[in-house]
Amino acid sequence: VWIAAVGQADPGTPPGPAPTGIGHSLVVGPDGTVRASLGAEPELLVTDLDVEEVGAVREKTSVLANRRPEMWR
């Protein structure tokens, strides 16, 4: 899955009762790597997503091969 995390709380702000600040949006690829990110200032992020990459990452994730299909019936 691709993740588009928009309007995240400022990672430099200490934890409190509610997040402060917005921005720091990012796009995370199916392998968990951050592919694009923005700062606190207003910006526009346009990025291309390769939907075929999701299947390729699933094939490389060996733990999924251990799944027993009969358990999910």
# chains A, B, ... in the order shown; residues from 1 in each chain; ligands from 1
call {"tool": "residues_around", "arguments": {"residues": "Leu45 in chain A", "least_positions_apart": "6", "cutoff": "9 Å", "atoms": "only C-alpha atoms", "output": "list in words"}}
result
Ser25, Leu26, Ala36, Ser37 and Leu38 of chain A
call {"tool": "atom_distance", "arguments": {"atom1": "CA of His24 in chain A", "atom2": "CA of Gly7 in chain A"}}
result
6.2 Å
call {"tool": "residues_around", "arguments": {"residues": "Pro30 in chain A", "least_positions_apart": "6", "cutoff": "8 Å", "atoms": "only C-alpha atoms", "output": "list in words"}}
result
Val1, Trp2, Ile3, Glu53, Val54 and Val57 of chain A
call {"tool": "write_last_selection", "arguments": {"atoms": "all heavy atoms", "output": "short mmCIF file (atom, residue, chain, number, x, y, z; two decimals), in the first residue's frame"}}
result
data_model
loop_
_atom_site.label_atom_id
_atom_site.label_comp_id
_atom_site.auth_asym_id
_atom_site.auth_seq_id
_atom_site.Cartn_x
_atom_site.Cartn_y
_atom_site.Cartn_z
N VAL A 1 0.84 -1.17 0.00
CA VAL A 1 0.00 0.00 0.00
C VAL A 1 0.90 1.24 0.00
O VAL A 1 1.96 1.25 0.59
CB VAL A 1 -0.95 -0.02 1.22
CG1 VAL A 1 -0.19 0.12 2.52
CG2 VAL A 1 -1.99 1.05 1.13
N TRP A 2 0.46 2.24 -0.70
CA TRP A 2 1.11 3.55 -0.65
C TRP A 2 0.40 4.37 0.41
O TRP A 2 -0.82 4.27 0.57
CB TRP A 2 0.95 4.25 -2.00
CG TRP A 2 1.88 3.74 -3.04
CD1 TRP A 2 1.65 2.70 -3.89
CD2 TRP A 2 3.17 4.23 -3.36
NE1 TRP A 2 2.74 2.51 -4.70
CE2 TRP A 2 3.69 3.44 -4.40
CE3 TRP A 2 3.97 5.25 -2.84
CZ2 TRP A 2 4.94 3.66 -4.95
CZ3 TRP A 2 5.22 5.46 -3.40
CH2 TRP A 2 5.68 4.68 -4.44
N ILE A 3 1.12 5.20 1.12
CA ILE A 3 0.51 6.05 2.16
C ILE A 3 0.82 7.51 1.86
O ILE A 3 1.97 7.87 1.64
CB ILE A 3 1.05 5.69 3.55
CG1 ILE A 3 0.67 4.24 3.89
CG2 ILE A 3 0.53 6.66 4.61
CD1 ILE A 3 1.25 3.74 5.18
N GLU A 53 4.39 -1.64 -8.03
CA GLU A 53 5.39 -1.83 -6.99
C GLU A 53 4.81 -2.55 -5.77
O GLU A 53 5.52 -3.27 -5.07
CB GLU A 53 5.98 -0.49 -6.58
CG GLU A 53 7.17 -0.61 -5.67
CD GLU A 53 7.82 0.72 -5.38
OE1 GLU A 53 7.58 1.71 -6.09
OE2 GLU A 53 8.58 0.76 -4.40
N VAL A 54 3.52 -2.39 -5.52
CA VAL A 54 2.89 -3.05 -4.38
C VAL A 54 3.02 -4.57 -4.52
O VAL A 54 3.42 -5.26 -3.60
CB VAL A 54 1.40 -2.64 -4.25
CG1 VAL A 54 0.70 -3.43 -3.16
CG2 VAL A 54 1.28 -1.15 -3.98
N VAL A 57 6.68 -5.76 -4.00
CA VAL A 57 7.08 -5.77 -2.59
C VAL A 57 6.46 -6.96 -1.88
O VAL A 57 7.10 -7.62 -1.07
CB VAL A 57 6.71 -4.44 -1.90
CG1 VAL A 57 6.88 -4.53 -0.40
CG2 VAL A 57 7.55 -3.31 -2.46
#
call {"tool": "closest_residue", "arguments": {"among": "A:Ser62, A:Gly23, A:Pro17, A:Val6", "to": "Ala40 in chain A", "atoms": "only C-alpha atoms"}}
result
A:Gly23
call {"tool": "closest_residue", "arguments": {"among": "A:Asn66, A:Thr61, A:Ala5, A:Gly29", "to": "Asp48 in chain A", "atoms": "only C-alpha atoms"}}
result
A:Gly29
call {"tool": "atom_distance", "arguments": {"atom1": "CA of Ile22 in chain A", "atom2": "CA of Glu41 in chain A"}}
result
8.9 Å
